[in-house]
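For reference, the structure discussed in these notes is given below.
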Amino acid sequence: MHVGVMGTGYVGLVTGACFAEMGNDVILMDIDEAKIDALSSGLVPIYEPGLEQIIARNVAEKRLHFTTDLQATVEQSLINFIAVGTPPDQSGNADLSQVFTVAREIGRAVKTYKIIVTKSTVPVGTTHKVREIIAEETEHPFDVASNPEFLKEGNAIDDCMKPERVVVGVDDVRVGEILKELYSPFVRTGKPILGMDVISSEMTKYAANGLLATKISFVNELSRLCERVGANVEMVRTGIGSDSRIGPQFLFAGLGYGGSCFPKDVEALTHTARDHGVRLSILEAVQEANRAQKQHFINKISAHYGNGSLEGKRFALWGLSFKPRTDDIRDAPSLEVIKALLDKGARIKAYDPVAMESAGRLLGDSIEYAAGNYEAVEGADALIIVTEWNEFRHPDFTRIKEALVEPVIFDGRNLYDSQKMAELGFDYHSIGR
Ligand code: NAD
């Protein structure tokens with residue numbers, strides 16, 4: 001099939017590469033010339049395990065093409081995905097300007113029958129608004145559909161190649177059949193392609209992220225109670241997670257959720273609800289618990305030093321990306337921790353296996369960057385762990401202890417055994433234990 005993807009970010013790039021991997025002819029389009037130039041010369045602008053190889057293979061096979069030319073993309077593609085950003089606007093609503101700009105340009109480029117699919121996470125009603133915009137620009141026939149993306153950064157290729165389900169929202173069953181055909185190679189193990197109406201499809205994406213965020217905030221809030229009553233949240237987590245009605249995932253207490261999706265999607269959903277006269281009080285509480293969790297961790301650090309200024313203190317910080325296996329730092333908890341500590345006068349030397357460059361673009365020289373995790377701790381007053389990269393799970397504790405001025409660790413991800421850390425002579429602070 002001939003597929004066009006407008007927006008070559010984390011989602012567009014990964015899904016486009018995966019469509020090509022299944023033998024489709026794919027054009028990836030973006031307005032960012034530097035990005036398209038980089039991709040055209042073989043450079044992948046984001047870190048995502050396995051992505052580089054898939055792109056290289058499909059470019060070599062001439063199934064994957066990059067361009068800034070939207071019109072040519074639409075002309076050559078039957079199915080056109082909109083995968084541009086939908087960041088929050090100032091009020092917390094989803095800013096749909098990128099989606100609507102692309103929709104209008106697609107409308108101007110439609111000269112023969114086309115299917116236009118919203119893959120970006122968009123509030124209910126957006127896909128139909130896209131239809132209106134396109135209809136203002138063309139008299140040729142076209143259909144719209146909603147096909148939200150559920151991939152997780154860090155595991156995106158696998159999620160895309162072997163999705164647990166594909167959601168396809170259509171107004172016309174024939175469009176559904178074409179999209180099912182496109183996705184059939186991805187679901188050979190029997191996973192479902194769920195056909196539904198467009199509005200329910202748009203809502204499904206937000207509902208999924210809302211519920212996952214709820215699990216995280218639930219366990220985080222519980223972790224604060226665990227600390228007070230002497231329970232261990234790790235034991236509670238395994239105790240409840242082994243119940244198949246609850247499940248083990250998204251029950252890890254930590255620093256709260258971040259990233260480019262959960263915060264903005266939960267916020268956007270509560271806004272949509274309010275616009276329609278419904279209050280999603282659970283999700284409002286989820287957001288509040290998430291804010292409080294980050295503050296709780298910052299308070300722990302602050303309390304250790306008497307709640308005063310942190311002038312003269314230097315902290316090692318491990319992990320900048322919002323989660324492991326990605327270089328994405330959008331809304332990463334690290335940013336909030338760093339800001340709070342800098343505001344109190346502390347200095348920070350950070351290390352992240354892949355997100356140093358993206359963090360550097362945002363944070364500049366407000367912090368120092370270490371070449372390795374051990375270099376970061378050299379001469380630091382304490383180690384702060386923010387992202388649970390695998391390589392942080394079994395470090396050389398003797399080396400860390402020798403490098404630190406004092407053997408203090410604030411672990412926002414519960415990576416280590418509290419008892420073992422005490423035996424090793426660390427003053428070890430974690431979450432909910
Ligand atoms: P991103 O910021 O990485 O990529 C968006 C891309 O769109 C950028 O490359 C940008 O240059 C491009 N763009 C903007 N305006 C354009 C235009 N007029 N024409 C062509 N390209 C244009 O965003 P992302 O993380 O890939 O997210 C895209 C959408 O997918 C969002 O709605 C997001 O909520 C959703 N989503 C993201 C993830 C994720 O893990 N990142 C997962 C599921 C869904």
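Going through the structure tokens in order, the chains are called A, B, and so on, while each chain numbers its residues from 1 and the ligands are numbered from 1 in the order shown.
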All strand (DSSP E or B) residues (DSSP, backbone) inside region 277-420 of chain A, as number ranges by chain
A: 314-318, 347-351, 368-369, 382-385, 408-411
If we count only C-alpha atoms and set the cut-off at 12 Å, which residues sit around Thr204 (chain A), ignoring sequence neighbours fewer than 5 positions away in its own chain? Please answer as JSON, numbers by chain.
{"A": [121, 122, 123, 124, 146, 147, 148, 149, 150, 165, 166, 167, 168, 169, 194, 195, 196, 197, 198, 199, 209, 210, 211, 265, 269]}
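Residue neighbourhood of Asn390 (chain A), excluding near-sequence residues (fewer than 3 positions): Pro324, Arg325, Thr387, Arg393, His394, Pro395 and Leu415 of chain A, at 10 Å, using only C-alpha atoms.
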What would the file look like if the residues just selected were written as a JSON list (two decimals), in the first residue's frame with all heavy atoms?
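As a result, result_15.json now contains:
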[["chain", "number", "residue", "atom", "x", "y", "z"],
["A", 324, "PRO", "N", 13.47, 5.04, 31.05],
["A", 324, "PRO", "CA", 14.64, 4.45, 30.41],
["A", 324, "PRO", "C", 14.43, 4.19, 28.93],
["A", 324, "PRO", "O", 13.30, 4.12, 28.46],
["A", 324, "PRO", "CB", 14.83, 3.11, 31.15],
["A", 324, "PRO", "CG", 13.95, 3.18, 32.34],
["A", 324, "PRO", "CD", 12.87, 4.14, 32.04],
["A", 325, "ARG", "N", 15.52, 3.99, 28.21],
["A", 325, "ARG", "CA", 15.53, 3.60, 26.80],
["A", 325, "ARG", "C", 14.96, 4.65, 25.86],
["A", 325, "ARG", "O", 14.46, 4.36, 24.78],
["A", 325, "ARG", "CB", 14.79, 2.26, 26.60],
["A", 325, "ARG", "CG", 15.53, 1.08, 27.22],
["A", 325, "ARG", "CD", 14.62, -0.11, 27.41],
["A", 325, "ARG", "NE", 14.08, -0.63, 26.18],
["A", 325, "ARG", "CZ", 14.67, -1.52, 25.39],
["A", 325, "ARG", "NH1", 15.83, -2.01, 25.74],
["A", 325, "ARG", "NH2", 14.10, -1.94, 24.29],
["A", 387, "THR", "N", 15.95, 8.27, 36.98],
["A", 387, "THR", "CA", 15.44, 7.38, 35.92],
["A", 387, "THR", "C", 16.03, 5.98, 36.10],
["A", 387, "THR", "O", 17.23, 5.84, 36.32],
["A", 387, "THR", "CB", 15.83, 7.92, 34.52],
["A", 387, "THR", "OG1", 15.59, 9.32, 34.50],
["A", 387, "THR", "CG2", 15.01, 7.24, 33.43],
["A", 393, "ARG", "N", 21.20, -0.39, 37.93],
["A", 393, "ARG", "CA", 20.64, -1.37, 38.88],
["A", 393, "ARG", "C", 21.68, -2.10, 39.71],
["A", 393, "ARG", "O", 21.41, -2.45, 40.86],
["A", 393, "ARG", "CB", 19.75, -2.38, 38.13],
["A", 393, "ARG", "CG", 18.45, -1.75, 37.66],
["A", 393, "ARG", "CD", 17.52, -2.74, 37.00],
["A", 393, "ARG", "NE", 16.40, -2.06, 36.40],
["A", 393, "ARG", "CZ", 15.30, -1.68, 37.06],
["A", 393, "ARG", "NH1", 15.17, -2.00, 38.34],
["A", 393, "ARG", "NH2", 14.34, -1.02, 36.45],
["A", 394, "HIS", "N", 22.83, -2.35, 39.12],
["A", 394, "HIS", "CA", 23.88, -3.07, 39.87],
["A", 394, "HIS", "C", 25.21, -2.33, 39.79],
["A", 394, "HIS", "O", 26.17, -2.82, 39.23],
["A", 394, "HIS", "CB", 24.05, -4.50, 39.32],
["A", 394, "HIS", "CG", 22.95, -5.41, 39.71],
["A", 394, "HIS", "ND1", 22.83, -5.91, 41.00],
["A", 394, "HIS", "CD2", 21.90, -5.89, 39.02],
["A", 394, "HIS", "CE1", 21.74, -6.67, 41.06],
["A", 394, "HIS", "NE2", 21.16, -6.67, 39.88],
["A", 395, "PRO", "N", 25.28, -1.16, 40.39],
["A", 395, "PRO", "CA", 26.53, -0.40, 40.31],
["A", 395, "PRO", "C", 27.54, -0.92, 41.34],
["A", 395, "PRO", "O", 27.21, -1.74, 42.20],
["A", 395, "PRO", "CB", 26.09, 1.02, 40.65],
["A", 395, "PRO", "CG", 24.94, 0.84, 41.55],
["A", 395, "PRO", "CD", 24.26, -0.44, 41.18],
["A", 415, "LEU", "N", 15.52, 1.34, 43.34],
["A", 415, "LEU", "CA", 16.35, 0.38, 42.60],
["A", 415, "LEU", "C", 17.05, -0.62, 43.51],
["A", 415, "LEU", "O", 17.39, -1.72, 43.07],
["A", 415, "LEU", "CB", 17.42, 1.12, 41.78],
["A", 415, "LEU", "CG", 16.95, 2.01, 40.64],
["A", 415, "LEU", "CD1", 18.14, 2.44, 39.79],
["A", 415, "LEU", "CD2", 15.95, 1.28, 39.75]]
Using only C-alpha atoms and all ligand atoms, what are the residues with an atom within 9 Å of ligand 1, set out as an mmCIF file with C-alpha atoms, in the first residue's frame?
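Dumped to result07.cif:
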data_model
loop_
_atom_site.group_PDB
_atom_site.id
_atom_site.type_symbol
_atom_site.label_atom_id
_atom_site.label_comp_id
_atom_site.auth_asym_id
_atom_site.auth_seq_id
_atom_site.Cartn_x
_atom_site.Cartn_y
_atom_site.Cartn_z
ATOM 1 C CA VAL A 5 2.892 10.114 7.293
ATOM 2 C CA MET A 6 2.796 13.821 8.132
ATOM 3 C CA GLY A 7 4.990 14.500 11.151
ATOM 4 C CA THR A 8 8.195 12.536 11.552
ATOM 5 C CA GLY A 9 8.593 12.597 15.334
ATOM 6 C CA TYR A 10 8.672 9.695 17.778
ATOM 7 C CA VAL A 11 5.354 8.358 16.517
ATOM 8 C CA GLY A 12 5.520 9.206 12.823
ATOM 9 C CA LEU A 13 9.040 7.922 12.384
ATOM 10 C CA VAL A 14 8.478 4.656 14.213
ATOM 11 C CA MET A 29 6.944 14.072 5.631
ATOM 12 C CA ASP A 30 7.927 16.829 8.077
ATOM 13 C CA ILE A 31 8.240 20.615 7.978
ATOM 14 C CA ASP A 32 11.494 20.388 9.919
ATOM 15 C CA GLU A 33 14.042 20.554 7.110
ATOM 16 C CA LYS A 35 15.235 16.567 10.485
ATOM 17 C CA ILE A 36 14.435 15.489 6.928
ATOM 18 C CA ILE A 46 15.879 10.314 18.051
ATOM 19 C CA THR A 68 9.267 18.173 3.251
ATOM 20 C CA ASP A 69 6.812 18.180 0.332
ATOM 21 C CA LEU A 70 3.323 17.552 1.697
ATOM 22 C CA ILE A 82 -1.454 12.830 10.623
ATOM 23 C CA ALA A 83 1.192 12.251 13.319
ATOM 24 C CA VAL A 84 2.130 15.804 14.291
ATOM 25 C CA GLY A 85 2.442 17.048 17.866
ATOM 26 C CA THR A 86 -0.536 17.921 20.057
ATOM 27 C CA PRO A 87 1.182 19.702 22.960
ATOM 28 C CA ALA A 94 -4.600 20.057 23.483
ATOM 29 C CA LEU A 96 -4.444 21.340 17.707
ATOM 30 C CA SER A 97 -2.845 23.977 15.497
ATOM 31 C CA GLN A 98 -0.347 21.516 13.957
ATOM 32 C CA VAL A 99 -3.146 19.032 13.204
ATOM 33 C CA PHE A 100 -5.377 21.644 11.602
ATOM 34 C CA THR A 101 -2.532 23.186 9.593
ATOM 35 C CA VAL A 102 -1.687 19.795 8.147
ATOM 36 C CA ALA A 103 -5.368 19.050 7.510
ATOM 37 C CA GLU A 105 -2.679 21.514 3.428
ATOM 38 C CA THR A 118 -5.502 10.999 12.739
ATOM 39 C CA LYS A 119 -2.756 9.091 14.552
ATOM 40 C CA SER A 120 -1.871 11.995 16.823
ATOM 41 C CA THR A 121 -3.632 11.888 20.184
ATOM 42 C CA VAL A 122 -6.554 14.245 19.621
ATOM 43 C CA PRO A 148 -4.638 6.316 17.906
ATOM 44 C CA GLU A 149 -1.142 5.118 18.671
ATOM 45 C CA PHE A 150 -0.338 3.144 21.823
ATOM 46 C CA LEU A 151 3.410 2.648 21.429
ATOM 47 C CA LYS A 152 5.692 3.254 24.415
ATOM 48 C CA GLU A 153 8.948 5.096 23.857
ATOM 49 C CA GLY A 154 11.860 2.781 24.622
ATOM 50 C CA ALA A 156 8.262 1.478 20.379
ATOM 51 C CA LYS A 205 -6.654 6.688 23.644
ATOM 52 C CA GLY A 259 6.920 12.374 29.575
ATOM 53 C CA SER A 260 5.290 13.727 26.474
ATOM 54 C CA CYS A 261 1.961 11.904 26.870
ATOM 55 C CA PHE A 262 0.527 11.200 30.330
ATOM 56 C CA LYS A 264 -0.753 16.413 28.693
ATOM 57 C CA ASP A 265 -3.312 13.707 27.915
ATOM 58 C CA ASP A 328 12.917 12.150 25.406
#
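The shell of residues at most 9 Å from Arg433 (chain A), with only C-alpha atoms counted and near chain neighbours (fewer than 5 positions) removed, consists of Ser223, Arg224, Cys226, Glu227, Gly230, Ala231, Asn232, Val233, Glu234, Asn414 and Ser418 of chain A.
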Can I get the selection written as a PDB file, in the first residue's frame, with C-alpha atoms?
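part-v9.pdb, written as the output of this step:
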ATOM      1  CA  SER A 223       3.630   4.856  49.118  1.00  0.00           C
ATOM      2  CA  ARG A 224       3.412   7.990  51.229  1.00  0.00           C
ATOM      3  CA  CYS A 226       3.410   3.197  53.640  1.00  0.00           C
ATOM      4  CA  GLU A 227       6.244   5.449  54.821  1.00  0.00           C
ATOM      5  CA  GLY A 230       5.995   1.346  58.342  1.00  0.00           C
ATOM      6  CA  ALA A 231       4.728  -0.725  55.394  1.00  0.00           C
ATOM      7  CA  ASN A 232       6.911  -1.510  52.391  1.00  0.00           C
ATOM      8  CA  VAL A 233       5.289  -0.381  49.145  1.00  0.00           C
ATOM      9  CA  GLU A 234       7.325  -2.914  47.160  1.00  0.00           C
ATOM     10  CA  ASN A 414      13.489   2.069  44.457  1.00  0.00           C
ATOM     11  CA  SER A 418      17.045  -0.979  51.668  1.00  0.00           C
TER      12      SER A 418
END
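Proximity ranking of A:Ser91, A:Thr272, A:Thr238, A:Thr138 relative to Ile106 (chain A) places A:Thr138 first, based on only C-alpha atoms.
Residues within 8 Å of Ala403 (chain A), counting only C-alpha atoms and excluding same-chain residues fewer than 2 positions away, are Tyr374, Val377, Glu378, Gly379, Ala380, Arg399, Ile400, Lys401 and Val405 of chain A.
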Same residues, all heavy atoms, output as a JSON list (two decimals), in the first residue's frame:
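New file out08.json:
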[["chain", "number", "residue", "atom", "x", "y", "z"],
["A", 374, "TYR", "N", 29.88, 7.11, 37.23],
["A", 374, "TYR", "CA", 30.80, 7.24, 38.36],
["A", 374, "TYR", "C", 31.45, 8.61, 38.40],
["A", 374, "TYR", "O", 31.73, 9.14, 39.48],
["A", 374, "TYR", "CB", 31.86, 6.14, 38.31],
["A", 374, "TYR", "CG", 31.25, 4.76, 38.51],
["A", 374, "TYR", "CD1", 31.21, 3.84, 37.47],
["A", 374, "TYR", "CD2", 30.66, 4.41, 39.73],
["A", 374, "TYR", "CE1", 30.61, 2.60, 37.64],
["A", 374, "TYR", "CE2", 30.06, 3.17, 39.90],
["A", 374, "TYR", "CZ", 30.04, 2.27, 38.86],
["A", 374, "TYR", "OH", 29.43, 1.05, 39.03],
["A", 377, "VAL", "N", 29.34, 11.06, 40.43],
["A", 377, "VAL", "CA", 29.33, 11.01, 41.91],
["A", 377, "VAL", "C", 30.63, 11.52, 42.54],
["A", 377, "VAL", "O", 30.67, 11.81, 43.74],
["A", 377, "VAL", "CB", 29.06, 9.58, 42.45],
["A", 377, "VAL", "CG1", 27.59, 9.24, 42.40],
["A", 377, "VAL", "CG2", 29.88, 8.53, 41.77],
["A", 378, "GLU", "N", 31.67, 11.64, 41.75],
["A", 378, "GLU", "CA", 32.98, 12.07, 42.26],
["A", 378, "GLU", "C", 32.86, 13.40, 43.01],
["A", 378, "GLU", "O", 32.52, 14.42, 42.41],
["A", 378, "GLU", "CB", 33.94, 12.21, 41.07],
["A", 378, "GLU", "CG", 35.41, 12.02, 41.36],
["A", 378, "GLU", "CD", 35.74, 10.65, 41.97],
["A", 378, "GLU", "OE1", 35.40, 9.62, 41.35],
["A", 378, "GLU", "OE2", 36.30, 10.65, 43.07],
["A", 379, "GLY", "N", 33.09, 13.40, 44.31],
["A", 379, "GLY", "CA", 33.06, 14.64, 45.09],
["A", 379, "GLY", "C", 31.67, 15.19, 45.36],
["A", 379, "GLY", "O", 31.54, 16.31, 45.87],
["A", 380, "ALA", "N", 30.62, 14.43, 45.04],
["A", 380, "ALA", "CA", 29.25, 14.92, 45.28],
["A", 380, "ALA", "C", 28.83, 14.66, 46.73],
["A", 380, "ALA", "O", 29.33, 13.73, 47.37],
["A", 380, "ALA", "CB", 28.28, 14.23, 44.33],
["A", 399, "ARG", "N", 32.72, 1.78, 45.04],
["A", 399, "ARG", "CA", 33.22, 2.92, 44.27],
["A", 399, "ARG", "C", 32.38, 4.17, 44.53],
["A", 399, "ARG", "O", 32.91, 5.28, 44.67],
["A", 399, "ARG", "CB", 33.16, 2.54, 42.78],
["A", 399, "ARG", "CG", 34.12, 3.31, 41.94],
["A", 399, "ARG", "CD", 34.19, 2.70, 40.56],
["A", 399, "ARG", "NE", 34.62, 3.71, 39.61],
["A", 399, "ARG", "CZ", 34.63, 3.54, 38.30],
["A", 399, "ARG", "NH1", 34.24, 2.39, 37.78],
["A", 399, "ARG", "NH2", 35.03, 4.51, 37.51],
["A", 400, "ILE", "N", 31.07, 3.98, 44.59],
["A", 400, "ILE", "CA", 30.18, 5.13, 44.84],
["A", 400, "ILE", "C", 30.46, 5.72, 46.21],
["A", 400, "ILE", "O", 30.58, 6.93, 46.38],
["A", 400, "ILE", "CB", 28.69, 4.70, 44.73],
["A", 400, "ILE", "CG1", 28.36, 4.28, 43.30],
["A", 400, "ILE", "CG2", 27.76, 5.81, 45.19],
["A", 400, "ILE", "CD1", 26.96, 3.71, 43.12],
["A", 401, "LYS", "N", 30.60, 4.82, 47.18],
["A", 401, "LYS", "CA", 30.81, 5.28, 48.57],
["A", 401, "LYS", "C", 32.12, 6.06, 48.70],
["A", 401, "LYS", "O", 32.19, 7.10, 49.36],
["A", 401, "LYS", "CB", 30.83, 4.07, 49.50],
["A", 401, "LYS", "CG", 30.47, 4.42, 50.91],
["A", 401, "LYS", "CD", 30.24, 3.18, 51.73],
["A", 401, "LYS", "CE", 30.35, 3.54, 53.20],
["A", 401, "LYS", "NZ", 30.54, 2.35, 54.03],
["A", 405, "VAL", "N", 31.13, 12.48, 49.05],
["A", 405, "VAL", "CA", 31.61, 13.13, 50.27],
["A", 405, "VAL", "C", 30.97, 12.45, 51.49],
["A", 405, "VAL", "O", 31.63, 12.18, 52.49],
["A", 405, "VAL", "CB", 31.27, 14.64, 50.24],
["A", 405, "VAL", "CG1", 31.63, 15.31, 51.56],
["A", 405, "VAL", "CG2", 31.98, 15.32, 49.07]]
Contacts of Glu267 (chain A) at 8 Å (only C-alpha atoms; same-chain gap of 5+ positions) as number ranges by chain
A: 92-93, 287
Quick one: write out the picked residues with N, CA, C and O atoms as a short mmCIF file (atom, residue, chain, number, x, y, z; two decimals), in the first residue's frame?
data_model
loop_
_atom_site.label_atom_id
_atom_site.label_comp_id
_atom_site.auth_asym_id
_atom_site.auth_seq_id
_atom_site.Cartn_x
_atom_site.Cartn_y
_atom_site.Cartn_z
N GLY A 92 -4.02 24.19 29.11
CA GLY A 92 -3.99 22.76 29.37
C GLY A 92 -4.76 21.94 28.35
O GLY A 92 -4.68 20.72 28.32
N ASN A 93 -5.52 22.63 27.49
CA ASN A 93 -6.19 21.93 26.38
C ASN A 93 -5.15 21.46 25.38
O ASN A 93 -4.05 21.99 25.33
N GLN A 287 -3.87 13.91 38.95
CA GLN A 287 -2.90 14.95 38.62
C GLN A 287 -2.32 15.57 39.89
O GLN A 287 -1.12 15.82 40.00
#
